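*Asks:* Pasting a structure below so you can have a look.
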Amino acid sequence: MVAQDAHAHSAPQGFIRKYIFSLDHKVIGIQYFFLALTAVFVGMFLSVLMRIHMIWPAASLPLVGEIKPETYLSLLTMHGTIMVFFVLTTAPQGGFGNYILPIQIGAPDMAFPVLNMLSFWTTFVGFVVILAAFFVTGGAPLHGWTGYPPLSALQSAGPGEGLGADLWITSIAVFCVASLMGALNFITTTLDLRAKGMTLMRLPLTVWSWFITAILGLLAFGVLLSAGILLLLDRNLGTSFYVPLVIVNGQVMGHKGGSPLLWQHLFWFFGHPEVYIAILPGMGVASQILSTFSRKPIFGYKAMVYAMLSIGFFGFMVWGHHMFMSGMSPYSAFAFSILTMCIGVPSAIKTFNWLGTMLKGRIRFHTPMLYAIGFVSLFVSGGLSGPFLAQPVLDIPLHDTYFVVGHFHLIMGVAAIFGIFAATYYWFPKMFGRMMNETWGRVHFFITLAGTYAIFMPMHYLGMAGQTRRYSEFTQVAYQAKLVPLQTFMTYAAIITITAQFIFVINLFWSMFKGPKASDNPWEATTLEWTTTTPPPHDNFGGVTPVVYHGPYEYGVPGAPRDFVMQTDPATVSTH
Amino acid sequence: MATYTPSTPIDNVQLGRGGGPPVPPAGGGDGGGRSGSPNYGARLRRARLGLICAIATVCMVFISLTSAYVVRQGLPTFDDTSRSYVRDWGEVHLPWMLLAVNTALLLISSITMEAARRDVTRQAALSPVKSIPGISLGDERHFPWLGITVLLGLGFLIGQWMAWGELHNGGFYINTNPNSSFVFLLTATHGVHLAGGIIALLWAAITTLLRKPLEARRIVVDVTSWYWHFMAFLWIYIFALLAFAR
């Protein structure tokens with residue numbers, strides 16, 4: 001595998017080599033994209049089942065029938081796991097990163113094409129394995145996407161904790177291996193395959209974001225992998241890493257002396273960087289699009305790079321803020337709290353720079369731009385509740401309430417999804433050679449933005465009112481019953497928002513075949529992917545190796561013939 | 001018998017790459033080679049970079065296992081009979097002799113691996129000279145360093161397997177106590193990683209049979225040798241952890 005040349009492979013001919021087991025990073029990127037699209041619909045279906053069950057607990061629903069409390073927990077677990085791993089980690093990095101990164105740095109392919117294909121198909125196997133958990137005896141696991149033992153470590157702890165939980169852990173382990181192969185490939189490609197003149201400080205911010213994400217993945221997924229192996233051993237070979245002396249249904253289990261906190265530390269050491277793995281590519285895409293459609297250079301390019309680097313760096317030192325309620329020493333809690341709030345600084349720098357980029361720009365409100373602005377909006381509103389939760393004294397009442405659910409859905413869930421939408425509308429012409437429909441794109445944007453806020457803002461109020469998360473039924477609980485009208489409103493908002501996503505899917509597939517033909521550079525952007533043909537040829541630049549003379553965001557340069565200077569334009573324009 | 005035919009100007013010699021196309025001058029800058037021409041220097045650098053990433057990942061795996069080891073070792077557990085908190089870490093009687101022999105095997109294999117790497121590097125460096133018509137470097141006897149390394153690696157794995165058998169004979173299983181759990185876990189994880197190295201070496205052997213260019217084999221051997229040294233170092237670390245941090 002290491003001996004594979006980056007670009008010695010010629011264009012394949014047969015269907016299988018061309019579209020299924022392809023070595024071409026562009027095909028692999030599209031494969032990742034459609035895998036994530038499938039996964040997001042599965043995850044969304046699970047979420048709407050949960051929302052319906054919450055307000056009509058007795059209703060019998062399609063495919064699942066009557067929802068019992070344990071069914072609800074299965075839905076919750078699988079929704080979280082599928083969304084975090086197979087959507088938020090897969091689409092921005094595996095999908096767009098794979099397709100765009102090599103082109104943006106002027107490379108003919110990824111550094112290790114065979115490894116790239118392997119990492120996609122390993123991810124695919126992971127997805128199949130996790131879906132299989134629905135269909136085995138006992139069904140899907142109950143332990144949430146965080147998989148806290150002892151619930152996750154005991155076969156007899158619940159109906160889904162048998163084979164279903166084993167499949168869940170296996171799927172995550174497989175996904176870890178796939179992500180590690182991908183991260184290795186991304187880092188090597190970015191460091192070693194840049195075109196002549198493409199210095200690190202001329203990289204588009206998207207490339208920076210994928211690169212930093214890959215570093216986070218490389219350091220984080222190995223930890224989750226070892227944590228998962230320990231969990232499998234506890235479950236199947238009777239070890240006691242995580243499980244203390246525990247009694248299930250009056251029966252003493254064979255374990256003794258383990259600590260569930262050990263899992264929490266290992267899991268969150270991975271889990272917090274994972275949040276940034278999901279959101280960083282969105283930040284890169286937002287920067288790229290805001291600059292392009294404001295027709296202005298990005299405000300503070302270097303500050304953006306250093307902000308992303310410091311977000312990645314601090315991301316490894318704050319895992320304890322997920323564990324304030326675990327009996328942590330107040331001194332550790334204090335340290336984790338301070339470090340967590342430090343992340344507010346680079347995040348604020350980024351937000352400030354995005355607003356500065358738009359200030360006095362000649363903004364073109366195309367759909368990608370709308371989604372990039374939506375990303376900034378969600379990043380701010382989701383981010384502002386972060387410092388609340390970062391303080392142990394506030395986290396104690398808010399922990400395990402809907403406040404947390406609202407916070408992480410806004411910032412990590414939907415903000416990242418908006419990044420994916422922005423990227424889809426922005427790069428669709430390059431990927432498929434046709435334009436997407438603008439009108440329906442805007443309709444989709446406004447419904448999704450309004451719907452997102454309608455679903456997730458009320459959760460903050462529910463949390464402050466003390467409504468706990470993970471409860472399948474609360475309509476009969478006296479103090480929570482008063483909150484049902486707000487929950488009902490959220491369910492209706494969710495149904496409308498989910499329905500609106502079909503506008504996107506129809507637009508996507510319709511435009512793929514019937515949309516108007518796209519030119520090579522429909523957005524008048526500057527980075528390398530817009531210098532090549534639409535869609536790019538097998539080796540990306542048709543045998544030419546691009547040479548880079550400019551930074552990535554030279555819009556509105558005085559004295560230039562056009563309002564943008566391509567990165568490959570010869571250096572005739574003086575730039576500062 | 002070495003002979004030299006002066007009529008072939010050395011400057012214009014097509015660099016022997018197993019009949020491959022001539023190598024363009026190195027791209028300079030960051031770009032490296034262009035499409036279709038195997039630029040082995042760039043590929044070697046790229047493969048080494050990939051290896052550094054892979055080693056970083058393996059380090060993270062073993063760092064997290066070590067931290068789990070240290071944390072689990074210090075955990076108190078409630079003992080019903082004495083009604084107090086006790087350490088339940090437990091004891092394991094390691095088969096010292098066998099493990100010492102295994103360690104020796106692995107260290108020797110690291111030396112033979114290095115010899116194999118230098119051998120293939122030398123061959124790659126000399127291949128342009130050898131491709132000159134009429135030039136022979138005399139009887140080349142290749143000591144099968146690679147094969148010996150694979151055998152020593154397999155010997156190490158079999159030795160570890162025997163060590164597991166010894167542990168089982170002594171009544172220590174993976175679920176006997178936390179200490180024994182970690183002994184089996186760490187040795188197994190290391191063994192799996194070493195097996196990956198053996199598979200890479202077998203791949204290098206297959207590339208020879210497939211008559212792939214020497215340079216392609218050189219890259220596999222070079223990268224695997226660094227990985228192999230890392231595996232030897234990792235085993236010393238694990239052995240020290242199991243021996244001194246009991």
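Naming scheme: A, B, ... for chains in displayed order of the structure tokens; residues 1 onward per chain; ligands 1 onward as shown.
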Name all residues at most 12 Å from Ala100 in chain B (count only C-alpha atoms; drop same-chain ones fewer than 5 positions away) and give them as a VMD selection string.
*Replies:* chain B and resid 94 to 95 105 to 107 156 159 to 160 163 235 to 236 239 to 240 243
*Asks:* Would you put the residues from that selection into a file with C-alpha atoms, as a PDB file, in the first residue's frame?
*Replies:*
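Wrote it out as out_39.pdb, contents follow:
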ATOM      1  CA  LEU B  94       5.461 -13.631  34.103  1.00  0.00           C
ATOM      2  CA  PRO B  95       7.491 -16.297  32.275  1.00  0.00           C
ATOM      3  CA  LEU B 105      14.650 -12.484  19.047  1.00  0.00           C
ATOM      4  CA  LEU B 106      12.950  -9.187  18.370  1.00  0.00           C
ATOM      5  CA  LEU B 107      16.099  -7.159  18.934  1.00  0.00           C
ATOM      6  CA  PHE B 156       8.716 -13.734  18.389  1.00  0.00           C
ATOM      7  CA  GLY B 159       7.233 -17.144  21.596  1.00  0.00           C
ATOM      8  CA  GLN B 160       4.563 -14.731  22.800  1.00  0.00           C
ATOM      9  CA  ALA B 163       4.258 -17.176  26.953  1.00  0.00           C
ATOM     10  CA  TRP B 235       7.982  -4.037  23.071  1.00  0.00           C
ATOM     11  CA  ILE B 236      10.817  -2.893  25.349  1.00  0.00           C
ATOM     12  CA  PHE B 239       8.017  -5.233  28.883  1.00  0.00           C
ATOM     13  CA  ALA B 240       9.376  -2.521  31.174  1.00  0.00           C
ATOM     14  CA  ALA B 243       8.046  -5.670  34.775  1.00  0.00           C
TER      15      ALA B 243
END
*Asks:* May I have the residues within 10 Å of range 10-22 of chain A as a PyMOL selection string, using only C-alpha atoms and disregarding those fewer than 4 positions away in the same chain?
*Replies:* (chain A and resi 26-28+30-31+113-114+116-118+120-121+537-539) or (chain B and resi 35-36)
*Asks:* Can you tell me, as a PyMOL selection string, which residues in range 340-436 of chain A count as alpha helix (DSSP H) by DSSP?
*Replies:* chain A and resi 340-342+344-358+367-384+386-389+392-398+402-408+415-432
*Asks:* Between A:Val48, A:Leu245, A:Ala58, A:Val84, which one has atoms that come closest to Asp80 in chain B, using only C-alpha atoms?
*Replies:*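 Selected residue with least distance to Asp80 in chain B: A:Leu245.
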*Asks:* Quick one: contact table of chain A to chain B, 8 Å max, nearest atom pair and distance in Å to one decimal per residue, counting only C-alpha atoms, chain and number order, as CSV?
*Replies:*
residue,atom,partner,partner_atom,distance
A:Val2,CA,B:Ala47,CA,5.6
A:Ala3,CA,B:Ala216,CA,5.7
A:Asp5,CA,B:Arg43,CA,6.6
A:Ala6,CA,B:Arg43,CA,7.7
A:His7,CA,B:Ser35,CA,5.5
A:Ala8,CA,B:Gly36,CA,4.6
A:His9,CA,B:Gly36,CA,7.1
A:Ser10,CA,B:Gly36,CA,7.3
A:Ala107,CA,B:Gly31,CA,7.6
A:Pro108,CA,B:Ser35,CA,7.0
A:Ala111,CA,B:Arg46,CA,7.2
A:Leu180,CA,B:Thr57,CA,7.5
A:Leu184,CA,B:Cys53,CA,5.6
A:Asn185,CA,B:Gly50,CA,7.0
A:Ile187,CA,B:Cys53,CA,7.8
A:Thr188,CA,B:Gly50,CA,5.7
A:Asp192,CA,B:Asp30,CA,6.2
A:Leu193,CA,B:Gly31,CA,5.3
A:Arg194,CA,B:Gly31,CA,5.2
A:Ala195,CA,B:Gly31,CA,4.4
A:Lys196,CA,B:Gly31,CA,5.4
A:Gly197,CA,B:Gly29,CA,7.5
A:Met198,CA,B:Asp30,CA,7.8
A:Leu218,CA,B:Thr57,CA,5.9
A:Leu219,CA,B:Thr57,CA,6.0
A:Ala220,CA,B:Met60,CA,7.8
A:Gly222,CA,B:Val61,CA,5.0
A:Val223,CA,B:Val61,CA,5.5
A:Leu225,CA,B:Val61,CA,7.4
A:Ser226,CA,B:Val61,CA,5.9
A:Ala227,CA,B:Ser64,CA,7.9
A:Leu237,CA,B:Asn175,CA,6.7
A:Gly238,CA,B:Asn175,CA,5.5
A:Thr239,CA,B:Asn175,CA,4.6
A:Ser240,CA,B:Pro178,CA,6.6
A:Phe241,CA,B:Arg72,CA,6.9
A:Pro244,CA,B:Thr77,CA,7.9
A:Lys256,CA,B:Thr77,CA,7.4
A:Gly257,CA,B:Thr77,CA,4.8
A:Gly258,CA,B:Arg72,CA,7.1
A:Ser259,CA,B:Arg72,CA,7.6
A:Leu262,CA,B:Ala68,CA,6.9
A:Leu266,CA,B:Ser64,CA,7.2
A:Asp539,CA,B:Ser35,CA,7.2
A:Gly543,CA,B:Ser35,CA,6.6
A:Thr545,CA,B:Arg34,CA,7.1
*Asks:* List the spatial neighbours of range 87-95 of chain A as a ChimeraX atom specification - criterion: any atom at most 6 Å away, only C-alpha atoms, same-chain residues fewer than 3 positions off excluded.
*Replies:* /A:29,32-33,36,40,83-84,98,278,281
*Asks:* To one decimal place, how far is CA of Tyr371 in chain A from CA of Ala422 in chain A in Å?
*Replies:*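 Between CA of Tyr371 in chain A and CA of Ala422 in chain A the gap works out to 4.9 Å.
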*Asks:* Which is closer to Phe96 in chain A than all the others in A:Lys350, A:Arg562, A:His322, A:Lys430, using only C-alpha atoms?
*Replies:*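 The answer is A:Lys430, which sits nearest to Phe96 in chain A.
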*Asks:* Would you return as a VMD selection string the members of range 24-164 of chain B that DSSP assigns to strand (DSSP E) on this structure's backbone?
*Replies:* chain B and resid 76 to 79 84 to 87
*Asks:* Okay, now the selection with C-alpha atoms, as a PDB file, in the first residue's frame?
*Replies:*
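This went into result-v9.pdb:
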ATOM      1  CA  PRO B  76      -9.637   0.836  45.252  1.00  0.00           C
ATOM      2  CA  THR B  77     -12.381  -1.739  45.401  1.00  0.00           C
ATOM      3  CA  PHE B  78     -14.674  -2.576  48.279  1.00  0.00           C
ATOM      4  CA  ASP B  79     -13.888  -5.892  49.913  1.00  0.00           C
ATOM      5  CA  SER B  84     -12.813  -1.935  53.654  1.00  0.00           C
ATOM      6  CA  TYR B  85     -11.327  -0.670  50.434  1.00  0.00           C
ATOM      7  CA  VAL B  86      -8.484  -2.737  49.057  1.00  0.00           C
ATOM      8  CA  ARG B  87      -6.401  -2.829  45.903  1.00  0.00           C
TER       9      ARG B  87
END
*Asks:* Could you list, as number ranges by chain, every residue within 10 Å of Gly419 in chain A, counting only C-alpha atoms and ignoring same-chain residues fewer than 2 positions away?
*Replies:* A: 88, 91-92, 278-286, 368, 371-376, 414-417, 421-424
*Asks:* I need the chosen residues saved as a tab-separated table (two decimals), in the first residue's frame, with C-alpha atoms.
*Replies:*
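In the end it all went to selection_11.tsv:
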chain	number	residue	atom	x	y	z
A	88	LEU	CA	-20.86	14.86	10.68
A	91	ALA	CA	-19.55	14.20	4.80
A	92	PRO	CA	-17.39	17.28	5.52
A	278	ALA	CA	-17.34	17.86	12.88
A	279	ILE	CA	-17.29	21.66	12.95
A	280	LEU	CA	-13.82	22.69	11.66
A	281	PRO	CA	-14.48	21.80	8.00
A	282	GLY	CA	-17.64	23.89	8.25
A	283	MET	CA	-15.54	26.83	9.44
A	284	GLY	CA	-13.24	26.40	6.48
A	285	VAL	CA	-16.12	26.26	4.01
A	286	ALA	CA	-17.80	29.29	5.61
A	368	PRO	CA	-24.05	28.90	-0.74
A	371	TYR	CA	-25.88	28.85	4.08
A	372	ALA	CA	-22.48	30.27	5.06
A	373	ILE	CA	-24.22	33.18	6.81
A	374	GLY	CA	-26.57	30.66	8.40
A	375	PHE	CA	-23.51	28.75	9.61
A	376	VAL	CA	-22.15	31.87	11.30
A	414	VAL	CA	-26.93	21.88	12.61
A	415	ALA	CA	-24.03	24.31	12.23
A	416	ALA	CA	-21.97	21.48	10.76
A	417	ILE	CA	-24.95	20.45	8.61
A	421	PHE	CA	-25.22	22.38	2.72
A	422	ALA	CA	-23.07	25.42	1.94
A	423	ALA	CA	-20.37	23.13	0.54
A	424	THR	CA	-22.92	21.16	-1.50
*Asks:* Within 10 Å of Gly271 in chain A, counting only C-alpha atoms, which residues qualify if same-chain residues fewer than 2 places away don't, as a list in words?
*Replies:*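 Everything that qualifies: Thr146, Ala220, Phe221, Val223, Leu224, Gln264, His265, Leu266, Phe267, Trp268, Phe269, Pro273, Glu274, Val275, Tyr276, Ile277, Gly315, Phe316, Trp319 and His322 of chain A.
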*Asks:* Please identify all polymer residues within 6 Å of range 160-170 of chain A, counting only C-alpha atoms, omitting same-chain residues fewer than 2 positions from it, and present them as number ranges by chain.
*Replies:* A: 130, 133, 138-142, 155, 158, 172-173
